[in-house]
file protein-v5.tsv (TSV, C-alpha atoms)
chain	number	residue	atom	x	y	z
A	1	MET	CA	-10.73	-23.48	35.35
A	2	ARG	CA	-13.23	-20.80	34.57
A	3	ALA	CA	-14.02	-18.75	37.64
A	4	THR	CA	-17.31	-16.93	37.80
A	5	ALA	CA	-16.75	-13.45	36.44
A	6	PRO	CA	-16.03	-10.87	39.14
A	7	THR	CA	-18.66	-8.26	38.58
A	8	SER	CA	-17.34	-5.72	41.08
A	9	ASP	CA	-14.52	-4.47	38.80
A	10	PRO	CA	-15.55	-1.43	36.74
A	11	PRO	CA	-14.80	-1.66	33.02
A	12	PRO	CA	-11.44	-0.06	32.21
A	13	ALA	CA	-11.65	3.61	31.34
A	14	ARG	CA	-11.11	4.14	27.62
A	15	THR	CA	-11.31	6.88	25.09
A	16	ARG	CA	-13.84	6.57	22.31
A	17	THR	CA	-12.55	4.44	19.51
A	18	VAL	CA	-13.69	3.09	16.15
A	19	LEU	CA	-12.71	-0.56	15.60
A	20	GLY	CA	-10.36	-0.07	18.56
A	21	LEU	CA	-8.44	2.68	16.76
A	22	GLU	CA	-7.67	6.12	18.16
A	23	PRO	CA	-9.37	9.04	16.40
A	24	ARG	CA	-6.15	10.15	14.73
A	25	PHE	CA	-5.64	6.73	13.15
A	26	VAL	CA	-9.27	6.62	12.09
A	27	ALA	CA	-8.75	9.96	10.35
A	28	ILE	CA	-5.57	8.82	8.63
A	29	GLY	CA	-7.13	5.50	7.56
A	30	VAL	CA	-10.17	7.17	6.06
A	31	ALA	CA	-8.17	10.07	4.57
A	32	GLY	CA	-5.67	7.63	3.10
A	33	GLY	CA	-8.47	5.64	1.49
A	34	ILE	CA	-10.20	8.74	0.12
A	35	LEU	CA	-6.98	10.18	-1.33
A	36	SER	CA	-6.06	6.84	-2.80
A	37	GLY	CA	-9.45	6.41	-4.48
A	38	LEU	CA	-9.47	10.03	-5.59
A	39	LEU	CA	-5.99	10.03	-7.09
A	40	GLY	CA	-5.82	6.51	-8.45
A	41	VAL	CA	-2.63	5.69	-6.57
A	42	GLY	CA	-2.12	2.79	-4.20
A	43	GLY	CA	-3.02	3.11	-0.54
A	44	GLY	CA	0.57	2.63	0.61
A	45	ILE	CA	1.89	5.67	-1.19
A	46	VAL	CA	-0.64	7.76	0.74
A	47	MET	CA	-0.61	5.94	4.09
A	48	VAL	CA	3.14	5.68	4.72
A	49	PRO	CA	3.76	9.47	4.59
A	50	LEU	CA	0.61	10.16	6.65
A	51	LEU	CA	1.63	7.64	9.33
A	52	VAL	CA	5.14	9.08	9.53
A	53	ILE	CA	4.27	12.78	9.41
A	54	TRP	CA	0.94	12.95	11.27
A	55	ALA	CA	1.07	9.92	13.54
A	56	ALA	CA	4.83	10.14	14.25
A	57	TYR	CA	5.26	6.48	13.36
A	58	ALA	CA	8.78	5.11	13.06
A	59	GLN	CA	9.55	4.60	9.38
A	60	ARG	CA	9.72	0.81	9.62
A	61	ASP	CA	6.41	0.50	11.54
A	62	ALA	CA	4.70	2.80	9.05
A	63	HIS	CA	5.73	0.52	6.17
A	64	ALA	CA	4.65	-2.65	8.00
A	65	THR	CA	1.29	-1.14	8.98
A	66	SER	CA	0.71	0.12	5.48
A	67	LEU	CA	1.37	-3.31	3.98
A	68	GLY	CA	-1.10	-4.95	6.37
A	69	ALA	CA	-3.71	-2.28	5.65
A	70	ILE	CA	-3.41	-3.01	1.93
A	71	ILE	CA	-4.92	-6.48	2.52
A	72	PRO	CA	-8.52	-5.32	3.25
A	73	ILE	CA	-8.18	-2.40	0.84
A	74	SER	CA	-7.20	-4.61	-2.09
A	75	CYS	CA	-9.83	-7.18	-1.08
A	76	ALA	CA	-12.50	-4.53	-1.52
A	77	SER	CA	-11.01	-3.37	-4.81
A	78	VAL	CA	-10.67	-6.90	-6.21
A	79	ILE	CA	-14.36	-7.52	-5.49
A	80	THR	CA	-15.30	-4.26	-7.24
A	81	TYR	CA	-13.08	-4.86	-10.27
A	82	GLY	CA	-13.77	-8.60	-10.36
A	83	ALA	CA	-17.40	-7.81	-11.02
A	84	ALA	CA	-16.31	-5.93	-14.14
A	85	GLY	CA	-14.58	-9.08	-15.42
A	86	GLU	CA	-11.46	-7.27	-16.62
A	87	VAL	CA	-8.88	-9.42	-14.83
A	88	HIS	CA	-6.39	-11.30	-17.04
A	89	PRO	CA	-5.78	-14.47	-14.99
A	90	GLY	CA	-2.68	-15.71	-16.91
A	91	PRO	CA	-0.53	-12.61	-16.47
A	92	ALA	CA	-1.85	-12.22	-12.90
A	93	LEU	CA	-0.67	-15.75	-12.08
A	94	ALA	CA	2.81	-15.19	-13.56
A	95	LEU	CA	3.21	-11.85	-11.77
A	96	ALA	CA	1.93	-13.27	-8.48
A	97	ALA	CA	4.35	-16.22	-8.67
A	98	GLY	CA	7.21	-13.72	-8.83
A	99	SER	CA	5.81	-11.19	-6.41
A	100	ILE	CA	5.10	-13.71	-3.64
A	101	ALA	CA	8.78	-14.73	-3.74
A	102	GLY	CA	9.73	-11.05	-3.93
A	103	ALA	CA	7.50	-10.13	-0.97
A	104	ARG	CA	9.40	-12.54	1.27
A	105	ILE	CA	12.69	-10.96	0.19
A	106	GLY	CA	11.36	-7.42	0.64
A	107	ALA	CA	9.72	-8.02	4.01
A	108	GLY	CA	12.89	-9.74	5.22
A	109	ALA	CA	14.88	-6.71	4.11
A	110	LEU	CA	12.44	-4.35	5.90
A	111	SER	CA	12.99	-6.24	9.14
A	112	ARG	CA	16.76	-5.69	8.89
A	113	ILE	CA	17.18	-2.31	7.20
A	114	GLU	CA	18.24	0.77	9.17
A	115	GLU	CA	15.91	3.78	9.46
A	116	ARG	CA	18.12	6.06	7.35
A	117	PRO	CA	18.57	3.97	4.19
A	118	LEU	CA	14.86	3.08	4.38
A	119	LYS	CA	13.97	6.79	4.34
A	120	ILE	CA	16.28	7.40	1.41
A	121	VAL	CA	14.93	4.46	-0.61
A	122	PHE	CA	11.31	5.42	0.10
A	123	GLY	CA	12.06	9.09	-0.61
A	124	LEU	CA	13.47	8.20	-4.02
A	125	PHE	CA	10.50	5.91	-4.69
A	126	LEU	CA	8.04	8.73	-3.87
A	127	ALA	CA	9.96	11.13	-6.09
A	128	ALA	CA	9.74	8.62	-8.96
A	129	VAL	CA	6.00	8.15	-8.41
A	130	ALA	CA	5.48	11.92	-8.27
A	131	ILE	CA	7.34	12.42	-11.56
A	132	LEU	CA	5.34	9.57	-13.14
A	133	MET	CA	2.10	11.23	-11.96
A	134	LEU	CA	3.16	14.60	-13.37
A	135	VAL	CA	4.28	13.13	-16.71
A	136	ARG	CA	1.14	11.04	-17.19
A	137	GLY	CA	-1.09	13.79	-15.81
B	1	MET	CA	6.24	-9.42	-26.05
B	2	THR	CA	4.59	-12.78	-26.50
B	3	GLY	CA	4.70	-16.36	-25.28
B	4	ILE	CA	7.47	-17.64	-23.05
B	5	VAL	CA	9.39	-14.34	-23.13
B	6	LEU	CA	6.38	-12.55	-21.72
B	7	VAL	CA	5.89	-15.16	-18.99
B	8	VAL	CA	9.55	-14.90	-17.93
B	9	ALA	CA	9.35	-11.10	-18.01
B	10	LEU	CA	6.17	-11.16	-15.91
B	11	VAL	CA	7.65	-13.48	-13.27
B	12	ALA	CA	10.88	-11.42	-13.12
B	13	PHE	CA	8.94	-8.18	-12.86
B	14	GLY	CA	6.79	-9.82	-10.19
B	15	VAL	CA	9.90	-10.48	-8.08
B	16	VAL	CA	10.90	-6.82	-8.36
B	17	THR	CA	7.45	-5.46	-7.46
B	18	GLY	CA	7.02	-8.01	-4.67
B	19	ALA	CA	10.36	-7.03	-3.12
B	20	THR	CA	9.47	-3.34	-3.43
B	21	SER	CA	6.09	-4.05	-1.89
B	22	GLY	CA	7.52	-5.94	1.08
B	23	LEU	CA	10.25	-3.39	1.75
B	24	LEU	CA	8.23	-0.21	1.26
B	25	GLY	CA	4.77	-1.32	2.41
B	26	VAL	CA	3.13	-0.37	-0.86
B	27	GLY	CA	0.93	-2.54	-3.05
B	28	GLY	CA	3.03	-2.41	-6.17
B	29	GLY	CA	0.24	-1.36	-8.53
B	30	THR	CA	2.10	1.86	-9.28
B	31	LEU	CA	4.86	-0.23	-10.87
B	32	MET	CA	2.73	-3.02	-12.33
B	33	VAL	CA	0.08	-0.99	-14.13
B	34	PRO	CA	2.50	0.85	-16.47
B	35	PHE	CA	4.35	-2.43	-17.07
B	36	LEU	CA	1.17	-4.32	-17.98
B	37	THR	CA	-0.02	-1.60	-20.35
B	38	LEU	CA	3.38	-1.15	-22.04
B	39	ALA	CA	4.89	-4.67	-22.04
B	40	ALA	CA	1.77	-6.85	-22.07
B	41	GLY	CA	-0.36	-4.49	-24.15
B	42	MET	CA	-3.29	-4.44	-21.74
B	43	SER	CA	-5.84	-1.65	-21.53
B	44	GLN	CA	-5.52	0.66	-18.52
B	45	HIS	CA	-8.63	-0.84	-16.97
B	46	ALA	CA	-7.50	-4.46	-17.42
B	47	ALA	CA	-4.01	-3.62	-16.12
B	48	GLU	CA	-5.46	-2.08	-12.95
B	49	ALA	CA	-7.79	-5.03	-12.33
B	50	THR	CA	-5.02	-7.57	-12.96
B	51	SER	CA	-2.50	-5.77	-10.74
B	52	LEU	CA	-5.00	-5.67	-7.87
B	53	LEU	CA	-5.25	-9.44	-8.01
B	54	VAL	CA	-1.45	-9.62	-7.61
B	55	VAL	CA	-1.33	-7.02	-4.83
B	56	LEU	CA	-3.56	-9.06	-2.52
B	57	PRO	CA	-1.43	-12.27	-2.18
B	58	THR	CA	1.75	-10.14	-2.15
B	59	ALA	CA	0.51	-8.04	0.78
B	60	ILE	CA	-0.64	-11.17	2.65
B	61	VAL	CA	2.72	-12.95	2.27
B	62	GLY	CA	4.73	-9.81	3.14
B	63	SER	CA	2.57	-9.12	6.20
B	64	LEU	CA	2.92	-12.70	7.45
B	65	VAL	CA	6.72	-12.49	7.15
B	66	LEU	CA	6.75	-9.18	9.07
B	67	ARG	CA	4.39	-10.54	11.71
B	68	ARG	CA	6.66	-13.54	12.26
B	69	ARG	CA	9.57	-11.14	12.79
B	70	GLY	CA	7.52	-9.08	15.24
B	71	ILE	CA	7.41	-5.91	13.15
B	72	GLY	CA	4.26	-3.82	13.11
B	73	ASP	CA	0.83	-4.79	14.42
B	74	LEU	CA	-1.10	-6.76	11.80
B	75	GLY	CA	-4.38	-6.65	13.75
B	76	LEU	CA	-4.26	-2.87	13.93
B	77	ALA	CA	-3.22	-2.70	10.29
B	78	LEU	CA	-6.22	-4.79	9.17
B	79	ARG	CA	-8.66	-2.54	11.07
B	80	PHE	CA	-6.87	0.50	9.73
B	81	GLY	CA	-7.18	-0.90	6.21
B	82	ALA	CA	-10.89	-1.62	6.63
B	83	LEU	CA	-11.40	2.11	7.23
B	84	GLY	CA	-9.16	2.82	4.27
B	85	ALA	CA	-11.30	0.59	2.06
B	86	ALA	CA	-14.41	2.51	3.11
B	87	GLY	CA	-12.58	5.77	2.41
B	88	GLY	CA	-11.51	4.44	-0.98
B	89	ILE	CA	-15.13	4.05	-2.06
B	90	VAL	CA	-15.82	7.66	-1.05
B	91	GLY	CA	-12.69	8.77	-2.89
B	92	ALA	CA	-13.63	6.94	-6.07
B	93	LEU	CA	-17.06	8.58	-6.00
B	94	LEU	CA	-15.49	12.00	-5.34
B	95	ALA	CA	-13.11	11.46	-8.26
B	96	LEU	CA	-16.11	11.46	-10.58
B	97	ALA	CA	-17.15	14.88	-9.31
B	98	LEU	CA	-13.82	16.66	-8.80
B	99	PRO	CA	-11.12	17.82	-11.23
B	100	GLY	CA	-8.80	14.81	-10.92
B	101	HIS	CA	-6.08	16.38	-13.04
B	102	VAL	CA	-5.51	19.29	-10.65
B	103	LEU	CA	-5.63	17.02	-7.61
B	104	ARG	CA	-3.07	14.66	-9.11
B	105	ILE	CA	-0.66	17.53	-9.75
B	106	MET	CA	-1.15	18.82	-6.19
B	107	PHE	CA	-0.58	15.37	-4.74
B	108	ALA	CA	2.50	14.81	-6.90
B	109	CYS	CA	3.93	18.03	-5.47
B	110	PHE	CA	3.12	16.79	-1.95
B	111	LEU	CA	4.98	13.53	-2.69
B	112	LEU	CA	7.98	15.48	-3.96
B	113	LEU	CA	8.03	17.53	-0.73
B	114	VAL	CA	7.80	14.35	1.36
B	115	SER	CA	10.61	12.73	-0.61
B	116	VAL	CA	12.85	15.78	-0.14
B	117	ARG	CA	12.09	15.76	3.57
B	118	LEU	CA	12.81	12.03	3.91
B	119	VAL	CA	16.12	12.25	2.08
B	120	ARG	CA	17.13	15.43	3.95
B	121	ASP	CA	16.20	13.90	7.32
B	122	SER	CA	18.37	10.89	6.62
B	123	LEU	CA	21.35	12.86	5.34
B	124	VAL	CA	21.49	15.59	8.01
B	125	PRO	CA	23.25	14.23	11.12
B	126	ARG	CA	21.45	14.90	14.38
call {"tool": "encode", "arguments": {"input": "protein-v5.tsv", "output": "structure tokens"}}
result
Amino acid sequence: MRATAPTSDPPPARTRTVLGLEPRFVAIGVAGGILSGLLGVGGGIVMVPLLVIWAAYAQRDAHATSLGAIIPISCASVITYGAAGEVHPGPALALAAGSIAGARIGAGALSRIEERPLKIVFGLFLAAVAILMLVRG
Amino acid sequence: MTGIVLVVALVAFGVVTGATSGLLGVGGGTLMVPFLTLAAGMSQHAAEATSLLVVLPTAIVGSLVLRRRGIGDLGLALRFGALGAAGGIVGALLALALPGHVLRIMFACFLLLVSVRLVRDSLVPR
């Protein structure tokens, strides 16, 4: 049953938000995107450290949030690159077939892994990316 | 690599990048782009475009698995990512105007510091 809306209640007090996000998260989202576009690395490599260090996210939540945030980011990028017509559909299909299976394994592992080994694995991954960036310039 | 060998290699590499992506919350482009240029002989530009097309379904599947297990907040992540996408456009435009080489070296050093901190944090008992 839909009651007529009680109009006496004041709207709940709230801080100013953008898309329902607190200012700090807005800053990290935008900064993450800018850095990622500027440096040519994926959004996750930028966002996970920012979420952990600046937003005091637990490691696991930072990884989950980063993965979700990659959806709209890669959507935008696919549209931009798709217009350039450079996509090779065959290899993309083969890779995606593997990576969709892999994503289920990886996400399942993220939901079970302890904070400490996750930090170590991600730390080593970042070190490898950093070395790759330095080597390739 | 050509033919069936390449297809098998691509699927196998896809499993590795997908698992990395799901576990670490990254897209996987960092791994895929060098692989596509080296193993599949693609140009840098084509490798980047192709890897992006793989990142999207991978991130969707990984996020759905995590959501089902109650980890993270997908709604917040999507809004967060929308801002990131807007920032990415700004960043790409800035990259044309700024010395990318210097920035990449600075960022690589930042990543090294973060990695040292992460490993140290997890090894030092509290």
call {"tool": "atom_distance", "arguments": {"input": "protein-v5.tsv", "atom1": "atom CA of Glu86 of chain A", "atom2": "atom CA of Ala59 of chain B"}}
result
21.1 Å
call {"tool": "residues_around", "arguments": {"input": "protein-v5.tsv", "residues": "Val30 of chain A", "least_positions_apart": "3", "cutoff": "9 Å", "atoms": "only C-alpha atoms", "output": "PyMOL selection string"}}
result
(chain A and resi 25-27+33-35) or (chain B and resi 80-88)
call {"tool": "residues_near_point", "arguments": {"input": "protein-v5.tsv", "point": "(1.6, -12.2, -8.1)", "cutoff": "12 Å", "atoms": "all atoms listed in the file", "output": "MDAnalysis selection string"}}
result
(chainID A and resid 89:103) or (chainID B and resid 10:19 21 27:29 32 50:62)
call {"tool": "write_last_selection", "arguments": {"input": "protein-v5.tsv", "atoms": "C-alpha atoms", "output": "PDB file, keeping the file's coordinate frame"}}
result
ATOM      1  CA  PRO A  89      -5.780 -14.470 -14.990  1.00  0.00           C
ATOM      2  CA  GLY A  90      -2.680 -15.710 -16.910  1.00  0.00           C
ATOM      3  CA  PRO A  91      -0.530 -12.610 -16.470  1.00  0.00           C
ATOM      4  CA  ALA A  92      -1.850 -12.220 -12.900  1.00  0.00           C
ATOM      5  CA  LEU A  93      -0.670 -15.750 -12.080  1.00  0.00           C
ATOM      6  CA  ALA A  94       2.810 -15.190 -13.560  1.00  0.00           C
ATOM      7  CA  LEU A  95       3.210 -11.850 -11.770  1.00  0.00           C
ATOM      8  CA  ALA A  96       1.930 -13.270  -8.480  1.00  0.00           C
ATOM      9  CA  ALA A  97       4.350 -16.220  -8.670  1.00  0.00           C
ATOM     10  CA  GLY A  98       7.210 -13.720  -8.830  1.00  0.00           C
ATOM     11  CA  SER A  99       5.810 -11.190  -6.410  1.00  0.00           C
ATOM     12  CA  ILE A 100       5.100 -13.710  -3.640  1.00  0.00           C
ATOM     13  CA  ALA A 101       8.780 -14.730  -3.740  1.00  0.00           C
ATOM     14  CA  GLY A 102       9.730 -11.050  -3.930  1.00  0.00           C
ATOM     15  CA  ALA A 103       7.500 -10.130  -0.970  1.00  0.00           C
TER      16      ALA A 103
ATOM     17  CA  LEU B  10       6.170 -11.160 -15.910  1.00  0.00           C
ATOM     18  CA  VAL B  11       7.650 -13.480 -13.270  1.00  0.00           C
ATOM     19  CA  ALA B  12      10.880 -11.420 -13.120  1.00  0.00           C
ATOM     20  CA  PHE B  13       8.940  -8.180 -12.860  1.00  0.00           C
ATOM     21  CA  GLY B  14       6.790  -9.820 -10.190  1.00  0.00           C
ATOM     22  CA  VAL B  15       9.900 -10.480  -8.080  1.00  0.00           C
ATOM     23  CA  VAL B  16      10.900  -6.820  -8.360  1.00  0.00           C
ATOM     24  CA  THR B  17       7.450  -5.460  -7.460  1.00  0.00           C
ATOM     25  CA  GLY B  18       7.020  -8.010  -4.670  1.00  0.00           C
ATOM     26  CA  ALA B  19      10.360  -7.030  -3.120  1.00  0.00           C
ATOM     27  CA  SER B  21       6.090  -4.050  -1.890  1.00  0.00           C
ATOM     28  CA  GLY B  27       0.930  -2.540  -3.050  1.00  0.00           C
ATOM     29  CA  GLY B  28       3.030  -2.410  -6.170  1.00  0.00           C
ATOM     30  CA  GLY B  29       0.240  -1.360  -8.530  1.00  0.00           C
ATOM     31  CA  MET B  32       2.730  -3.020 -12.330  1.00  0.00           C
ATOM     32  CA  THR B  50      -5.020  -7.570 -12.960  1.00  0.00           C
ATOM     33  CA  SER B  51      -2.500  -5.770 -10.740  1.00  0.00           C
ATOM     34  CA  LEU B  52      -5.000  -5.670  -7.870  1.00  0.00           C
ATOM     35  CA  LEU B  53      -5.250  -9.440  -8.010  1.00  0.00           C
ATOM     36  CA  VAL B  54      -1.450  -9.620  -7.610  1.00  0.00           C
ATOM     37  CA  VAL B  55      -1.330  -7.020  -4.830  1.00  0.00           C
ATOM     38  CA  LEU B  56      -3.560  -9.060  -2.520  1.00  0.00           C
ATOM     39  CA  PRO B  57      -1.430 -12.270  -2.180  1.00  0.00           C
ATOM     40  CA  THR B  58       1.750 -10.140  -2.150  1.00  0.00           C
ATOM     41  CA  ALA B  59       0.510  -8.040   0.780  1.00  0.00           C
ATOM     42  CA  ILE B  60      -0.640 -11.170   2.650  1.00  0.00           C
ATOM     43  CA  VAL B  61       2.720 -12.950   2.270  1.00  0.00           C
ATOM     44  CA  GLY B  62       4.730  -9.810   3.140  1.00  0.00           C
TER      45      GLY B  62
END
call {"tool": "closest_residue", "arguments": {"input": "protein-v5.tsv", "among": "B:Val90, B:Ile4, B:Met42, B:Val33", "to": "chain A", "atoms": "only C-alpha atoms"}}
result
B:Val90
call {"tool": "interface_residues", "arguments": {"input": "protein-v5.tsv", "of": "chain A", "to": "chain B", "cutoff": "6 Å", "atoms": "only C-alpha atoms", "output": "ChimeraX atom specification"}}
result
/A:29-30,33-34,37-39,44,61,63-69,71-74,81,86-88,92,94-96,98-100,102-107,110,116,119-120,123,126-127,130
call {"tool": "closest_residue", "arguments": {"input": "protein-v5.tsv", "among": "A:Leu21, A:Ile113, A:Leu134, A:Ile28", "to": "Ala56 of chain A", "atoms": "only C-alpha atoms"}}
result
A:Ile28
